[in-house]
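This is run32.pdb. It holds PDB, C-alpha atoms, pLDDT in the B column.
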```
ATOM      1  CA  MET V   1     -12.770  10.661  -6.044  1.00 51.00           C
ATOM      2  CA  GLU V   2     -13.444   6.989  -5.291  1.00 53.00           C
ATOM      3  CA  ARG V   3     -11.808   4.314  -7.450  1.00 54.00           C
ATOM      4  CA  THR V   4     -13.440   1.044  -8.513  1.00 49.00           C
ATOM      5  CA  PRO V   5     -12.008  -1.616 -10.843  1.00 49.00           C
ATOM      6  CA  THR V   6     -12.873  -1.559 -14.522  1.00 50.00           C
ATOM      7  CA  THR V   7     -13.926  -5.213 -14.802  1.00 47.00           C
ATOM      8  CA  ALA V   8     -17.127  -6.932 -15.878  1.00 47.00           C
ATOM      9  CA  GLN V   9     -17.526  -8.492 -12.421  1.00 60.00           C
ATOM     10  CA  PRO V  10     -18.764  -6.339  -9.561  1.00 52.00           C
ATOM     11  CA  PRO V  11     -15.687  -5.211  -7.635  1.00 60.00           C
ATOM     12  CA  PRO V  12     -15.296  -6.540  -4.100  1.00 86.00           C
ATOM     13  CA  VAL V  13     -13.821  -3.209  -2.923  1.00 93.00           C
ATOM     14  CA  ARG V  14     -13.635   0.456  -3.678  1.00 94.00           C
ATOM     15  CA  LEU V  15     -10.980   2.935  -2.626  1.00 97.00           C
ATOM     16  CA  VAL V  16     -11.912   6.031  -0.664  1.00 97.00           C
ATOM     17  CA  PRO V  17      -9.299   8.772  -0.181  1.00 97.00           C
ATOM     18  CA  TYR V  18      -7.767   8.641   3.288  1.00 97.00           C
ATOM     19  CA  GLY V  19      -9.200  11.461   5.409  1.00 96.00           C
ATOM     20  CA  GLU V  20      -8.945  13.244   8.734  1.00 96.00           C
ATOM     21  CA  GLY V  21     -11.417  10.843  10.369  1.00 96.00           C
ATOM     22  CA  ASP V  22      -9.436   7.730   9.398  1.00 97.00           C
ATOM     23  CA  PHE V  23      -7.001   7.741  12.322  1.00 97.00           C
ATOM     24  CA  PRO V  24      -8.994   4.943  14.050  1.00 96.00           C
ATOM     25  CA  GLN V  25      -8.460   2.805  10.926  1.00 95.00           C
ATOM     26  CA  LEU V  26      -4.723   3.418  11.188  1.00 96.00           C
ATOM     27  CA  VAL V  27      -4.854   2.359  14.852  1.00 97.00           C
ATOM     28  CA  LEU V  28      -6.461  -0.963  13.795  1.00 97.00           C
ATOM     29  CA  HIS V  29      -3.428  -1.561  11.571  1.00 96.00           C
ATOM     30  CA  ASN V  30      -1.008  -0.941  14.441  1.00 95.00           C
ATOM     31  CA  THR V  31      -1.337  -4.330  16.124  1.00 96.00           C
ATOM     32  CA  PRO V  32       1.365  -6.975  16.582  1.00 94.00           C
ATOM     33  CA  ALA V  33      -0.357  -9.214  14.004  1.00 93.00           C
ATOM     34  CA  MET V  34      -0.654  -6.447  11.396  1.00 95.00           C
ATOM     35  CA  THR V  35       2.902  -5.174  11.897  1.00 92.00           C
ATOM     36  CA  ALA V  36       4.706  -8.493  12.332  1.00 91.00           C
ATOM     37  CA  HIS V  37       6.679  -7.963   9.095  1.00 90.00           C
ATOM     38  CA  LEU V  38       7.154  -4.221   9.704  1.00 88.00           C
ATOM     39  CA  GLY V  39       9.020  -4.129  12.972  1.00 85.00           C
ATOM     40  CA  GLY V  40       6.034  -4.189  15.305  1.00 89.00           C
ATOM     41  CA  PRO V  41       3.526  -1.573  16.446  1.00 93.00           C
ATOM     42  CA  GLU V  42       4.504   2.084  16.468  1.00 92.00           C
ATOM     43  CA  PRO V  43       4.135   4.339  19.506  1.00 93.00           C
ATOM     44  CA  GLU V  44       1.128   6.687  19.335  1.00 94.00           C
ATOM     45  CA  GLU V  45       3.304   9.714  18.496  1.00 95.00           C
ATOM     46  CA  LYS V  46       4.728   7.927  15.424  1.00 93.00           C
ATOM     47  CA  LEU V  47       1.261   6.793  14.431  1.00 94.00           C
ATOM     48  CA  ARG V  48      -0.020  10.388  14.612  1.00 97.00           C
ATOM     49  CA  ASP V  49       2.949  11.477  12.456  1.00 95.00           C
ATOM     50  CA  ARG V  50       2.017   8.787   9.920  1.00 94.00           C
ATOM     51  CA  HIS V  51      -1.610   9.981   9.930  1.00 97.00           C
ATOM     52  CA  HIS V  52      -0.418  13.527   9.238  1.00 97.00           C
ATOM     53  CA  ARG V  53       1.838  12.326   6.382  1.00 95.00           C
ATOM     54  CA  TYR V  54      -1.029  10.363   4.828  1.00 96.00           C
ATOM     55  CA  LEU V  55      -3.227  13.458   4.930  1.00 96.00           C
ATOM     56  CA  HIS V  56      -0.603  15.688   3.317  1.00 96.00           C
ATOM     57  CA  LEU V  57       0.974  13.599   0.554  1.00 94.00           C
ATOM     58  CA  GLY V  58      -0.231  16.053  -2.084  1.00 87.00           C
ATOM     59  CA  GLY V  59       1.353  15.243  -5.434  1.00 85.00           C
ATOM     60  CA  THR V  60       3.863  12.919  -3.792  1.00 93.00           C
ATOM     61  CA  GLY V  61       1.393  10.056  -3.446  1.00 96.00           C
ATOM     62  CA  ARG V  62      -2.046   9.041  -2.236  1.00 96.00           C
ATOM     63  CA  MET V  63      -3.465   6.910   0.547  1.00 97.00           C
ATOM     64  CA  PHE V  64      -6.825   5.193   0.447  1.00 98.00           C
ATOM     65  CA  LYS V  65      -9.135   3.341   2.765  1.00 97.00           C
ATOM     66  CA  ILE V  66     -10.166  -0.034   1.312  1.00 97.00           C
ATOM     67  CA  VAL V  67     -13.939  -0.335   1.648  1.00 97.00           C
ATOM     68  CA  THR V  68     -15.974  -3.460   0.897  1.00 94.00           C
ATOM     69  CA  ALA V  69     -18.369  -2.834  -1.952  1.00 89.00           C
ATOM     70  CA  ASP V  70     -21.162  -4.969  -0.529  1.00 88.00           C
ATOM     71  CA  ALA V  71     -21.364  -3.772   3.089  1.00 89.00           C
ATOM     72  CA  GLY V  72     -19.286  -0.584   2.972  1.00 92.00           C
ATOM     73  CA  GLU V  73     -16.975  -1.802   5.750  1.00 94.00           C
ATOM     74  CA  ALA V  74     -13.457  -0.397   6.131  1.00 96.00           C
ATOM     75  CA  ALA V  75     -11.280  -3.427   5.367  1.00 96.00           C
ATOM     76  CA  GLY V  76      -7.814  -1.899   5.153  1.00 97.00           C
ATOM     77  CA  LEU V  77      -5.477   0.691   3.700  1.00 98.00           C
ATOM     78  CA  VAL V  78      -3.519   0.946   0.452  1.00 98.00           C
ATOM     79  CA  GLY V  79      -1.479   3.696  -1.107  1.00 97.00           C
ATOM     80  CA  TYR V  80       1.605   4.835  -2.914  1.00 97.00           C
ATOM     81  CA  TRP V  81       4.184   7.539  -2.242  1.00 96.00           C
ATOM     82  CA  GLU V  82       7.448   8.841  -3.608  1.00 95.00           C
ATOM     83  CA  ALA V  83      10.632   7.122  -2.500  1.00 92.00           C
ATOM     84  CA  ILE V  84      14.257   7.072  -3.600  1.00 89.00           C
ATOM     85  CA  HIS V  85      15.403   3.624  -4.699  1.00 88.00           C
ATOM     86  CA  ALA V  86      18.657   2.796  -6.495  1.00 87.00           C
ATOM     87  CA  GLY V  87      19.209   6.534  -7.019  1.00 90.00           C
ATOM     88  CA  GLN V  88      15.861   7.077  -8.759  1.00 89.00           C
ATOM     89  CA  THR V  89      12.613   8.611  -7.580  1.00 91.00           C
ATOM     90  CA  ILE V  90       9.902   5.977  -7.836  1.00 92.00           C
ATOM     91  CA  TRP V  91       6.447   5.287  -6.533  1.00 95.00           C
ATOM     92  CA  GLU V  92       6.473   2.840  -3.632  1.00 96.00           C
ATOM     93  CA  THR V  93       3.282   1.043  -2.661  1.00 97.00           C
ATOM     94  CA  GLY V  94       2.032  -0.699   0.434  1.00 96.00           C
ATOM     95  CA  TRP V  95      -1.203  -2.134   1.766  1.00 97.00           C
ATOM     96  CA  GLY V  96      -2.759  -3.799   4.758  1.00 96.00           C
ATOM     97  CA  VAL V  97      -6.009  -5.723   5.035  1.00 96.00           C
ATOM     98  CA  LEU V  98      -7.472  -6.321   8.482  1.00 96.00           C
ATOM     99  CA  PRO V  99      -7.487  -9.984   9.620  1.00 95.00           C
ATOM    100  CA  GLU V 100     -11.262 -10.433   9.389  1.00 94.00           C
ATOM    101  CA  PHE V 101     -11.134  -9.469   5.668  1.00 94.00           C
ATOM    102  CA  GLN V 102      -8.030 -11.428   4.655  1.00 93.00           C
ATOM    103  CA  GLY V 103      -8.150 -14.350   2.243  1.00 90.00           C
ATOM    104  CA  ARG V 104     -10.792 -12.805  -0.043  1.00 90.00           C
ATOM    105  CA  GLY V 105      -8.524 -11.202  -2.650  1.00 91.00           C
ATOM    106  CA  LEU V 106      -9.255  -7.690  -1.394  1.00 95.00           C
ATOM    107  CA  ALA V 107      -5.566  -6.739  -1.196  1.00 95.00           C
ATOM    108  CA  ILE V 108      -5.012  -7.725  -4.828  1.00 96.00           C
ATOM    109  CA  THR V 109      -8.015  -5.760  -6.079  1.00 95.00           C
ATOM    110  CA  ALA V 110      -7.145  -2.728  -3.932  1.00 96.00           C
ATOM    111  CA  THR V 111      -3.523  -2.833  -5.097  1.00 97.00           C
ATOM    112  CA  LEU V 112      -4.644  -2.966  -8.745  1.00 96.00           C
ATOM    113  CA  LEU V 113      -6.822   0.096  -8.133  1.00 96.00           C
ATOM    114  CA  ALA V 114      -3.866   1.919  -6.561  1.00 96.00           C
ATOM    115  CA  VAL V 115      -1.753   0.913  -9.595  1.00 96.00           C
ATOM    116  CA  GLU V 116      -4.355   2.480 -11.899  1.00 95.00           C
ATOM    117  CA  ASP V 117      -4.281   5.657  -9.832  1.00 95.00           C
ATOM    118  CA  ALA V 118      -0.453   5.834  -9.812  1.00 95.00           C
ATOM    119  CA  ARG V 119      -0.382   5.190 -13.569  1.00 94.00           C
ATOM    120  CA  ALA V 120      -2.927   7.979 -14.143  1.00 93.00           C
ATOM    121  CA  ALA V 121      -0.751  10.402 -12.149  1.00 91.00           C
ATOM    122  CA  ARG V 122       1.916  10.047 -14.911  1.00 88.00           C
ATOM    123  CA  ARG V 123       4.616  11.137 -12.504  1.00 92.00           C
ATOM    124  CA  HIS V 124       6.918   8.087 -12.354  1.00 93.00           C
ATOM    125  CA  GLY V 125       7.505   5.161 -14.679  1.00 91.00           C
ATOM    126  CA  SER V 126       7.532   2.419 -12.085  1.00 93.00           C
ATOM    127  CA  LEU V 127       5.852   1.319  -8.896  1.00 96.00           C
ATOM    128  CA  HIS V 128       7.748  -0.814  -6.372  1.00 97.00           C
ATOM    129  CA  ALA V 129       6.681  -2.882  -3.385  1.00 97.00           C
ATOM    130  CA  PHE V 130       9.141  -4.093  -0.761  1.00 96.00           C
ATOM    131  CA  PRO V 131       7.461  -6.812   1.328  1.00 96.00           C
ATOM    132  CA  ALA V 132       9.563  -8.784   3.777  1.00 94.00           C
ATOM    133  CA  ALA V 133      10.932 -11.893   2.095  1.00 95.00           C
ATOM    134  CA  THR V 134       9.153 -13.908   4.818  1.00 93.00           C
ATOM    135  CA  ASN V 135       5.759 -12.254   4.171  1.00 95.00           C
ATOM    136  CA  ALA V 136       4.215 -14.861   1.864  1.00 95.00           C
ATOM    137  CA  PRO V 137       0.770 -13.175   1.553  1.00 95.00           C
ATOM    138  CA  SER V 138       2.195  -9.787   0.495  1.00 96.00           C
ATOM    139  CA  ASN V 139       4.619 -11.410  -1.922  1.00 97.00           C
ATOM    140  CA  ALA V 140       1.662 -13.298  -3.425  1.00 97.00           C
ATOM    141  CA  VAL V 141      -0.239 -10.008  -3.834  1.00 97.00           C
ATOM    142  CA  CYS V 142       2.718  -8.617  -5.788  1.00 97.00           C
ATOM    143  CA  ARG V 143       2.877 -11.645  -8.050  1.00 97.00           C
ATOM    144  CA  LYS V 144      -0.884 -11.773  -8.663  1.00 96.00           C
ATOM    145  CA  ALA V 145      -1.052  -8.015  -9.306  1.00 95.00           C
ATOM    146  CA  GLY V 146       1.498  -8.336 -12.102  1.00 96.00           C
ATOM    147  CA  PHE V 147       4.644  -7.086 -10.396  1.00 97.00           C
ATOM    148  CA  THR V 148       8.001  -8.591 -11.405  1.00 97.00           C
ATOM    149  CA  LEU V 149      10.471  -9.751  -8.759  1.00 98.00           C
ATOM    150  CA  VAL V 150      13.579  -7.632  -9.334  1.00 96.00           C
ATOM    151  CA  GLY V 151      15.673  -8.905  -6.432  1.00 95.00           C
ATOM    152  CA  THR V 152      16.116  -9.139  -2.699  1.00 95.00           C
ATOM    153  CA  GLY V 153      17.958  -6.783  -0.394  1.00 91.00           C
ATOM    154  CA  ASP V 154      18.255  -5.430   3.105  1.00 90.00           C
ATOM    155  CA  PHE V 155      15.973  -2.473   3.794  1.00 86.00           C
ATOM    156  CA  GLU V 156      15.809  -0.251   6.853  1.00 81.00           C
ATOM    157  CA  TYR V 157      12.238   0.081   8.098  1.00 76.00           C
ATOM    158  CA  PRO V 158      11.429   1.432  10.513  1.00 71.00           C
ATOM    159  CA  LYS V 159      14.561   3.468  11.095  1.00 75.00           C
ATOM    160  CA  GLY V 160      17.112   1.365  12.942  1.00 77.00           C
ATOM    161  CA  ARG V 161      15.591  -2.004  11.952  1.00 79.00           C
ATOM    162  CA  TRP V 162      16.953  -3.873   8.958  1.00 85.00           C
ATOM    163  CA  SER V 163      15.080  -6.701   7.293  1.00 88.00           C
ATOM    164  CA  ARG V 164      15.403  -8.824   4.177  1.00 93.00           C
ATOM    165  CA  CYS V 165      12.840  -7.656   1.617  1.00 95.00           C
ATOM    166  CA  ASN V 166      11.898  -8.523  -1.911  1.00 97.00           C
ATOM    167  CA  ASP V 167      11.894  -5.760  -4.517  1.00 97.00           C
ATOM    168  CA  TRP V 168       8.871  -6.112  -6.790  1.00 98.00           C
ATOM    169  CA  ALA V 169       8.429  -3.642  -9.664  1.00 97.00           C
ATOM    170  CA  LEU V 170       5.624  -2.801 -12.031  1.00 96.00           C
ATOM    171  CA  ASP V 171       6.080  -0.769 -15.219  1.00 95.00           C
ATOM    172  CA  LEU V 172       3.534   2.049 -15.184  1.00 94.00           C
ATOM    173  CA  THR V 173       4.206   3.104 -18.767  1.00 90.00           C
ATOM    174  CA  GLU V 174       2.351   0.121 -20.190  1.00 76.00           C
ATOM    175  CA  ALA V 175      -1.356  -0.520 -19.666  1.00 64.00           C
ATOM    176  CA  ARG V 176      -2.173  -3.736 -17.840  1.00 52.00           C
ATOM    177  CA  THR V 177      -3.752  -6.416 -20.012  1.00 49.00           C
ATOM    178  CA  GLY V 178      -5.658  -9.504 -19.004  1.00 43.00           C
TER
END
```
Please re-express this file's structure in structure tokens.
Amino acid sequence: MERTPTTAQPPPVRLVPYGEGDFPQLVLHNTPAMTAHLGGPEPEEKLRDRHHRYLHLGGTGRMFKIVTADAGEAAGLVGYWEAIHAGQTIWETGWGVLPEFQGRGLAITATLLAVEDARAARRHGSLHAFPAATNAPSNAVCRKAGFTLVGTGDFEYPKGRWSRCNDWALDLTEARTG
């Protein structure tokens, strides 16, 4: 099922469930520029493992391809998955928009669509994002999408690499207004 925003304006993107044929999209996200705040590109074996995880999240999350509404171009990826944080099981979210599509608000709209999907799943009461403290664009997406900055901490991602990240949270038990 594709997701589109419920606004009066035509949405700039729609979400399409991540599928078997989307590995090339994942490869486009595995560049030094796209992974600068994530520890750098992954080796192909790790990328194939990630592809497999995205395909088999089942009830533990969902991944989507971000597709432009006007031209139907694959612009990025967004999703949410279960994670343990502060001793609780939560939804964690993440996104990436390819460089040629950045600066258009697509990440915000796609994130809001993923929020709607996570809220509809009624599995967890909160959704968290953990962008690097130095990643100004992703922190701006969190703020503009209605997340609240909870704090800052050191997070290990990928395994063996620690970085300072902001913890942004969104209450999924209340409907978004405005």
Practice task
Can you pull out every residue within 10 Å of region 12-24 of chain V, counting all atoms listed in the file, but drop anything in the same chain fewer than 2 positions away, and send it as a ChimeraX atom specification?
Solution key: /V:1-5,9-10,26-30,47-48,50-52,54-56,62-79,104-107,109-111,113-114
Problem - Nearest residue to Ala169 (chain V) from the set V:Leu112, V:Ile90, V:Leu38, V:Asp154 (distances using only C-alpha atoms) - result: V:Ile90
Write out as AutoDock Vina command-line options an axis-aligned box for region 126-134 of chain V: all of its atoms listed in the file, 3 Å added on each side, centre and edge lengths in Å with one decimal.
```
--center_x 8.4 --center_y -5.7 --center_z -3.6 --size_x 11.1 --size_y 22.3 --size_z 22.9
```
Handout entry: Near-Cys165 (chain V) list (7 Å; all atoms listed in the file; drop same-chain fewer than 6 positions) as a ChimeraX atom specification
Key = /V:130-133,152-155
Can I get the selection written as a PDB file, in the coordinates of the input, with C-alpha atoms?
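Output file out23.pdb follows:
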```pdb
ATOM      1  CA  PHE V 130       9.141  -4.093  -0.761  1.00 96.00           C
ATOM      2  CA  PRO V 131       7.461  -6.812   1.328  1.00 96.00           C
ATOM      3  CA  ALA V 132       9.563  -8.784   3.777  1.00 94.00           C
ATOM      4  CA  ALA V 133      10.932 -11.893   2.095  1.00 95.00           C
ATOM      5  CA  THR V 152      16.116  -9.139  -2.699  1.00 95.00           C
ATOM      6  CA  GLY V 153      17.958  -6.783  -0.394  1.00 91.00           C
ATOM      7  CA  ASP V 154      18.255  -5.430   3.105  1.00 90.00           C
ATOM      8  CA  PHE V 155      15.973  -2.473   3.794  1.00 86.00           C
TER       9      PHE V 155
END
```
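For the pair CA of Pro99 (chain V) and CA of Asn135 (chain V), the interatomic distance is 14.5 Å.
Minimum distance to Ser163 (chain V) across V:Gly39, V:His85, V:Arg119, V:Trp91 (counting all atoms listed in the file) occurs at V:Gly39.
When all atoms listed in the file are used to compute distances to Pro41 (chain V), the closest of the residues V:Thr60, V:Arg143, V:Thr134, V:Pro158 turns out to be V:Pro158.
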